[in-house]
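Novice: Take a look at this one; I'll ask things after.
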Amino acid sequence: MSASPADKCKLPHSFWQLVEGIGIPPSALLRQARLPAGLHLTGQFVSTAQYFSLMHALEALSRKPGIGIELMERADTSVHPPSSLAAFYARDYRDGLERLARFKRLCTPQLLNVSEADGVCTITADWVYATESEPAISVDVTFATLIELGRRSTGQLVRPRGVEYARHGPKARLYETYFGSPVRYGAPRNALILDCADLDRPFPGHNPELLEMLTPALGAALQELDAHAAIAAQVLVVLKRSLPSGRPDVSDVAQQLGMSERTLQRRITEEGTNFRDLLIEARKDLGRRLLSDAAVPVDEVAYLLGYQDATSFYRAFREWEGLSPSRWREQHFSGRPMPN
């Protein structure tokens, strides 16, 4: 399990150039997102919540489906930060994806999960500090980045085996046109599914000399990140990922983190917390994220959080928030305050 980065998202200058390129002034985007007016000039980091606000603002101002895909199609590979640029000079598509997943942590708290089984490669992403569902445009940006990596670096029209969206719409034709494969909506997760055979495609632009310069520096930066990473943040990531498939216990989490149960318990205690409190925090965060999607029934949220029955979830949620899950959903997403 990789260490979790701090809650800092670096927005490169190229991002603001892309926004201007589609006719949206950075000042207007920041105003819509209710963020500091000069943020695009200072180059400062933003939190996950602020990044999500920017993405929602971009969706609102562009009024175009698939704007995230359009941005990545317009993006110039040469202006990618070193943490992403290294992927484009990899040996092959598999190597590129592994480098992107490994080094992406240096500029954003989004963790890419790349797994291969039975000839299929499945890629999902976790936002370590997210307390709401990832905006649709952000998911599109991630998927398009992965596809553009394969297409631009191999020089071939790489098509995924399938695309899964947790959202239920809008269902625009441009998605199937861009990906060249079936797109499923209302899935349990956001996932890009590739054929493992495509991962063996070589990158003609492979540059071992450049990688020899970039990799040590990026690796050193990762070591520094790992040295300062809190174990509690790593446990939260594992818990939020594992809850929908059952209630994970300490031994399950310890195994996924590659350490003994005793070591995990000791490190959690040293950080002033315990496994039970982390499980509650993970359920809170994931619960809020699931409830932000009106298409997910409250009873299903209870199941996805590992509760045996909805009553237990209702009771726990009322202790957390002071009101029922249904009232919380109305209060936060209807725009009308509701009484407790």
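Residues in the structure tokens are named by chain (A, B, ... in the order shown) and by number from 1 within that chain; ligands are numbered from 1 in the order shown.
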Give me every alpha helix (DSSP H) residue in segment 2-75 of chain A, going by DSSP on the backbone, as a PyMOL selection string.
Specialist: chain A and resi 13-21+26-33+39-42+48-62+67-74
Novice: Just list the residues in segment 33-269 of chain A DSSP gives strand (DSSP E) on the backbone, as a ChimeraX atom specification.
Specialist: /A:110-117,120-127,162-164,183-184,191-195
Novice: Under the rule that only C-alpha atoms are counted, which of A:Arg318, A:Arg289, A:Arg173, A:His206 is the nearest residue to Gly66 of chain A?
Specialist: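 Of A:Arg318, A:Arg289, A:Arg173, A:His206, the one nearest Gly66 of chain A, counting only C-alpha atoms, is A:Arg173.
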Novice: Can you work out which one of A:Arg184, A:Ala191, A:Met259, A:Leu149 has the shortest atom-to-atom distance to Ala172 of chain A, counting only C-alpha atoms?
Specialist: A:Arg184
Novice: Using only C-alpha atoms, which residues sit within 12 Å of Phe203 of chain A once same-chain residues fewer than 2 positions away are excluded, as a short mmCIF file (atom, residue, chain, number, x, y, z; two decimals) with N, CA and C atoms, in the first residue's frame?
Specialist:
```cif
data_model
loop_
_atom_site.label_atom_id
_atom_site.label_comp_id
_atom_site.auth_asym_id
_atom_site.auth_seq_id
_atom_site.Cartn_x
_atom_site.Cartn_y
_atom_site.Cartn_z
N ALA A 87 5.88 9.06 -17.35
CA ALA A 87 5.07 7.96 -17.88
C ALA A 87 5.10 7.92 -19.40
N PHE A 88 5.18 9.09 -20.04
CA PHE A 88 5.13 9.15 -21.50
C PHE A 88 6.44 8.68 -22.15
N TYR A 89 7.50 8.55 -21.37
CA TYR A 89 8.78 8.07 -21.91
C TYR A 89 9.11 6.68 -21.40
N ALA A 90 8.09 5.97 -20.92
CA ALA A 90 8.27 4.62 -20.39
C ALA A 90 8.55 3.63 -21.51
N ARG A 91 8.79 2.38 -21.11
CA ARG A 91 9.13 1.32 -22.06
C ARG A 91 7.91 0.88 -22.88
N ASP A 92 6.77 0.72 -22.18
CA ASP A 92 5.54 0.30 -22.84
C ASP A 92 4.37 0.83 -22.04
N TYR A 93 3.15 0.50 -22.46
CA TYR A 93 1.95 1.03 -21.82
C TYR A 93 1.87 0.61 -20.36
N ARG A 94 2.21 -0.63 -20.07
CA ARG A 94 2.17 -1.12 -18.69
C ARG A 94 3.14 -0.33 -17.82
N ASP A 95 4.35 -0.16 -18.31
CA ASP A 95 5.36 0.60 -17.57
C ASP A 95 4.91 2.05 -17.37
N GLY A 96 4.26 2.61 -18.38
CA GLY A 96 3.78 3.98 -18.28
C GLY A 96 2.70 4.12 -17.22
N LEU A 97 1.77 3.17 -17.19
CA LEU A 97 0.71 3.21 -16.19
C LEU A 97 1.29 3.05 -14.78
N LEU A 149 -2.44 8.67 -22.61
CA LEU A 149 -1.10 8.11 -22.41
C LEU A 149 -0.87 6.95 -23.36
N GLY A 150 -1.85 6.04 -23.45
CA GLY A 150 -1.70 4.89 -24.34
C GLY A 150 -1.70 5.27 -25.81
N ARG A 151 -2.61 6.15 -26.21
CA ARG A 151 -2.74 6.50 -27.62
C ARG A 151 -1.56 7.33 -28.13
N ARG A 152 -1.18 8.33 -27.37
CA ARG A 152 -0.09 9.20 -27.83
C ARG A 152 1.26 8.49 -27.79
N SER A 153 1.46 7.68 -26.78
CA SER A 153 2.78 7.07 -26.61
C SER A 153 2.99 5.83 -27.48
N THR A 154 1.90 5.12 -27.83
CA THR A 154 2.04 3.96 -28.73
C THR A 154 1.84 4.37 -30.19
N GLY A 155 1.17 5.50 -30.40
CA GLY A 155 0.85 5.92 -31.76
C GLY A 155 -0.28 5.11 -32.36
N GLN A 156 -1.03 4.41 -31.50
CA GLN A 156 -2.14 3.57 -31.96
C GLN A 156 -3.43 3.93 -31.22
N ASP A 198 -3.01 -5.00 -24.56
CA ASP A 198 -2.66 -3.64 -24.96
C ASP A 198 -1.53 -3.07 -24.11
N LEU A 199 -1.38 -3.58 -22.90
CA LEU A 199 -0.35 -3.05 -22.01
C LEU A 199 1.05 -3.41 -22.49
N ASP A 200 1.15 -4.41 -23.35
CA ASP A 200 2.45 -4.82 -23.88
C ASP A 200 2.87 -3.95 -25.07
N ARG A 201 2.01 -3.06 -25.52
CA ARG A 201 2.36 -2.23 -26.68
C ARG A 201 3.54 -1.32 -26.32
N GLY A 205 8.67 6.26 -28.37
CA GLY A 205 9.43 7.39 -27.83
C GLY A 205 10.14 7.10 -26.52
N HIS A 206 10.24 5.83 -26.18
CA HIS A 206 10.91 5.44 -24.93
C HIS A 206 12.27 6.11 -24.83
N ASN A 207 12.51 6.78 -23.70
CA ASN A 207 13.75 7.55 -23.53
C ASN A 207 14.42 7.14 -22.22
N PRO A 208 15.23 6.09 -22.23
CA PRO A 208 15.87 5.61 -21.00
C PRO A 208 16.79 6.64 -20.37
#
```
Novice: Quick one: everything within 8 Å of Ala221 of chain A, counting only C-alpha atoms, minus sequence neighbours fewer than 4 positions away in the same chain. Send it as a list in words.
Specialist: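 That gives Leu106, Ala217 and Leu225 of chain A.
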Novice: Dump N, CA and C atoms for the selected residues as a short mmCIF file (atom, residue, chain, number, x, y, z; two decimals), in the first residue's frame?
Specialist:
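again-v3.cif, written as the output of this step:
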```cif
data_model
loop_
_atom_site.label_atom_id
_atom_site.label_comp_id
_atom_site.auth_asym_id
_atom_site.auth_seq_id
_atom_site.Cartn_x
_atom_site.Cartn_y
_atom_site.Cartn_z
N LEU A 106 2.82 12.51 -5.91
CA LEU A 106 3.63 13.66 -5.57
C LEU A 106 2.90 14.99 -5.77
N ALA A 217 15.19 11.31 -8.89
CA ALA A 217 14.67 12.50 -8.21
C ALA A 217 13.23 12.27 -7.73
N LEU A 225 8.03 11.58 1.07
CA LEU A 225 6.58 11.56 1.30
C LEU A 225 6.22 10.38 2.20
#
```
Novice: Between A:Thr48, A:Ser324, A:Thr124, A:Gln32, which residue has the minimum interatomic distance to Pro109 of chain A, considering only C-alpha atoms?
Specialist: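 Ranked by minimum distance to Pro109 of chain A, first place goes to A:Thr48.
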Novice: So that I can check the surroundings of segment 291-305 of chain A, please list as a list in words every protein, DNA and RNA residue that reaches within 8 Å of it, counting only C-alpha atoms and ignoring chain neighbours fewer than 3 positions away.
Specialist: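 Listed by chain and then number, they are Glu132, Ser133, Arg167, His168, Leu243, Pro244, Ser245, Gly246, Arg247, Arg283, Leu286, Gly287, Arg288, Gln308, Asp309, Ala310, Phe313, Pro325, Ser326, Arg329 and Phe333 of chain A.
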Novice: Pull C-alpha atoms from the residues just selected and write them as a PDB file, in the first residue's frame.
Specialist:
```pdb
ATOM      1  CA  GLU A 132     -18.238  13.709  -1.338  1.00  0.00           C
ATOM      2  CA  SER A 133     -18.525  11.917  -4.666  1.00  0.00           C
ATOM      3  CA  ARG A 167     -23.002   8.276 -12.083  1.00  0.00           C
ATOM      4  CA  HIS A 168     -26.252   7.693 -13.929  1.00  0.00           C
ATOM      5  CA  LEU A 243     -16.225  -1.542   3.173  1.00  0.00           C
ATOM      6  CA  PRO A 244     -18.520  -2.116   0.143  1.00  0.00           C
ATOM      7  CA  SER A 245     -17.362  -5.738  -0.054  1.00  0.00           C
ATOM      8  CA  GLY A 246     -17.756  -6.428   3.665  1.00  0.00           C
ATOM      9  CA  ARG A 247     -16.669  -5.084   7.041  1.00  0.00           C
ATOM     10  CA  ARG A 283     -17.919   5.065   7.420  1.00  0.00           C
ATOM     11  CA  LEU A 286     -17.891   7.113   2.643  1.00  0.00           C
ATOM     12  CA  GLY A 287     -21.463   7.541   3.888  1.00  0.00           C
ATOM     13  CA  ARG A 288     -21.473  11.259   3.058  1.00  0.00           C
ATOM     14  CA  GLN A 308     -26.069  -5.743   8.710  1.00  0.00           C
ATOM     15  CA  ASP A 309     -29.312  -3.789   8.688  1.00  0.00           C
ATOM     16  CA  ALA A 310     -30.526  -0.284   7.867  1.00  0.00           C
ATOM     17  CA  PHE A 313     -26.957   2.606  10.073  1.00  0.00           C
ATOM     18  CA  PRO A 325     -29.594  10.090   6.471  1.00  0.00           C
ATOM     19  CA  SER A 326     -32.634  11.156   4.418  1.00  0.00           C
ATOM     20  CA  ARG A 329     -29.363  14.374   2.076  1.00  0.00           C
ATOM     21  CA  PHE A 333     -28.478  18.822  -1.729  1.00  0.00           C
TER      22      PHE A 333
END
```
Novice: Which residues, written as a PyMOL selection string, have at least one atom at most 12 Å from Gly258 of chain A, with only C-alpha atoms counted and residues fewer than 3 positions away on the same chain left out?
Specialist: chain A and resi 1-3+231+234-235+238+251-255+261-264
Novice: Go ahead and write the residues just picked, N, CA and C atoms, as a compact mmCIF listing (two decimals), in the first residue's frame.
Specialist:
```txt
# COMPACT_ATOMS: atom_id res chain seq x y z
N MET A 1 0.84 -1.19 0.00
CA MET A 1 0.00 0.00 0.00
C MET A 1 0.88 1.23 0.00
N SER A 2 0.64 2.18 -0.87
CA SER A 2 1.41 3.39 -0.94
C SER A 2 0.98 4.35 0.15
N ALA A 3 1.91 5.16 0.60
CA ALA A 3 1.60 6.15 1.60
C ALA A 3 0.69 7.21 1.02
N ILE A 231 0.07 6.63 9.26
CA ILE A 231 -0.53 5.31 9.04
C ILE A 231 -2.04 5.40 9.09
N GLN A 234 -3.48 5.97 5.72
CA GLN A 234 -3.42 4.77 4.89
C GLN A 234 -4.53 3.78 5.28
N VAL A 235 -4.78 3.66 6.57
CA VAL A 235 -5.84 2.76 7.04
C VAL A 235 -7.20 3.24 6.52
N VAL A 238 -7.73 2.17 2.91
CA VAL A 238 -8.04 0.74 2.80
C VAL A 238 -9.46 0.46 3.26
N SER A 251 -6.97 -7.42 10.98
CA SER A 251 -6.07 -8.34 10.28
C SER A 251 -6.15 -8.14 8.77
N ASP A 252 -7.36 -7.88 8.25
CA ASP A 252 -7.53 -7.63 6.81
C ASP A 252 -6.73 -6.40 6.39
N VAL A 253 -6.88 -5.33 7.16
CA VAL A 253 -6.19 -4.08 6.82
C VAL A 253 -4.68 -4.24 6.94
N ALA A 254 -4.24 -4.91 7.98
CA ALA A 254 -2.80 -5.12 8.18
C ALA A 254 -2.20 -5.90 7.01
N GLN A 255 -2.93 -6.89 6.54
CA GLN A 255 -2.44 -7.68 5.40
C GLN A 255 -2.31 -6.82 4.15
N GLU A 261 -0.53 -7.53 12.28
CA GLU A 261 -1.62 -6.89 13.01
C GLU A 261 -1.09 -6.15 14.23
N ARG A 262 -0.11 -6.75 14.92
CA ARG A 262 0.46 -6.12 16.11
C ARG A 262 1.15 -4.80 15.76
N THR A 263 1.91 -4.80 14.65
CA THR A 263 2.60 -3.57 14.23
C THR A 263 1.60 -2.49 13.86
N LEU A 264 0.55 -2.87 13.15
CA LEU A 264 -0.46 -1.89 12.76
C LEU A 264 -1.12 -1.27 14.00
```
Novice: Mind checking which residues fall within 6 Å of segment 137-144 of chain A, counting only C-alpha atoms, ignoring those fewer than 2 positions away in the same chain, and posting them as a list in words?
Specialist: Gly68, Ile69, Pro135, Leu146, Ile147 and Glu148 of chain A
Novice: Of the residues A:Arg161, A:Lys104, A:Lys8, A:Arg189, which is the one nearest to Gly219 of chain A, using only C-alpha atoms?
Specialist: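 For Gly219 of chain A, the nearest of the candidates is A:Lys104.
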Novice: How many Å lie between atom CA of Ser84 of chain A and atom CA of Val46 of chain A, rounded to one decimal?
Specialist: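 The value is 18.5 Å.
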Novice: For Arg276 of chain A, which residue out of A:Asp249, A:Leu257, A:Tyr51, A:Pro12 is the nearest one, using only C-alpha atoms?
Specialist: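 Counting only C-alpha atoms, the residue closest to Arg276 of chain A is A:Asp249.
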Novice: Go through segment 66-165 of chain A and flag each residue having an atom no more than 8 Å from segment 14-18 of chain A; for those, report the closest pair of atoms plus their distance in Å to one decimal, using only C-alpha atoms, ordered by chain and rising number, as a Markdown table.
Specialist:
```
| residue | atom | partner | partner_atom | distance |
| --- | --- | --- | --- | --- |
| A:Leu71 | CA | A:Leu18 | CA | 6.4 |
| A:Arg74 | CA | A:Leu18 | CA | 7.3 |
| A:Ala75 | CA | A:Leu18 | CA | 6.9 |
| A:Val79 | CA | A:Ser14 | CA | 6.5 |
| A:His80 | CA | A:Ser14 | CA | 7.7 |
```
Novice: One decimal, Å: what's the distance from atom CA of Tyr178 of chain A over to atom CA of Glu98 of chain A, could you say?
Specialist: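 Pair atom CA of Tyr178 of chain A / atom CA of Glu98 of chain A returns 23.2 Å.
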Novice: Calculate how many Å separate atom CA of Leu29 of chain A from atom CA of Phe45 of chain A, rounding to one decimal.
Specialist: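 Atom CA of Phe45 of chain A lies 16.1 Å from atom CA of Leu29 of chain A.
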Novice: So, with only C-alpha atoms as the atoms that count, which of A:Leu30, A:Met55, A:Ala230, A:Leu11 lies closest to Pro81 of chain A?
Specialist: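 Counting only C-alpha atoms, the residue closest to Pro81 of chain A is A:Leu11.
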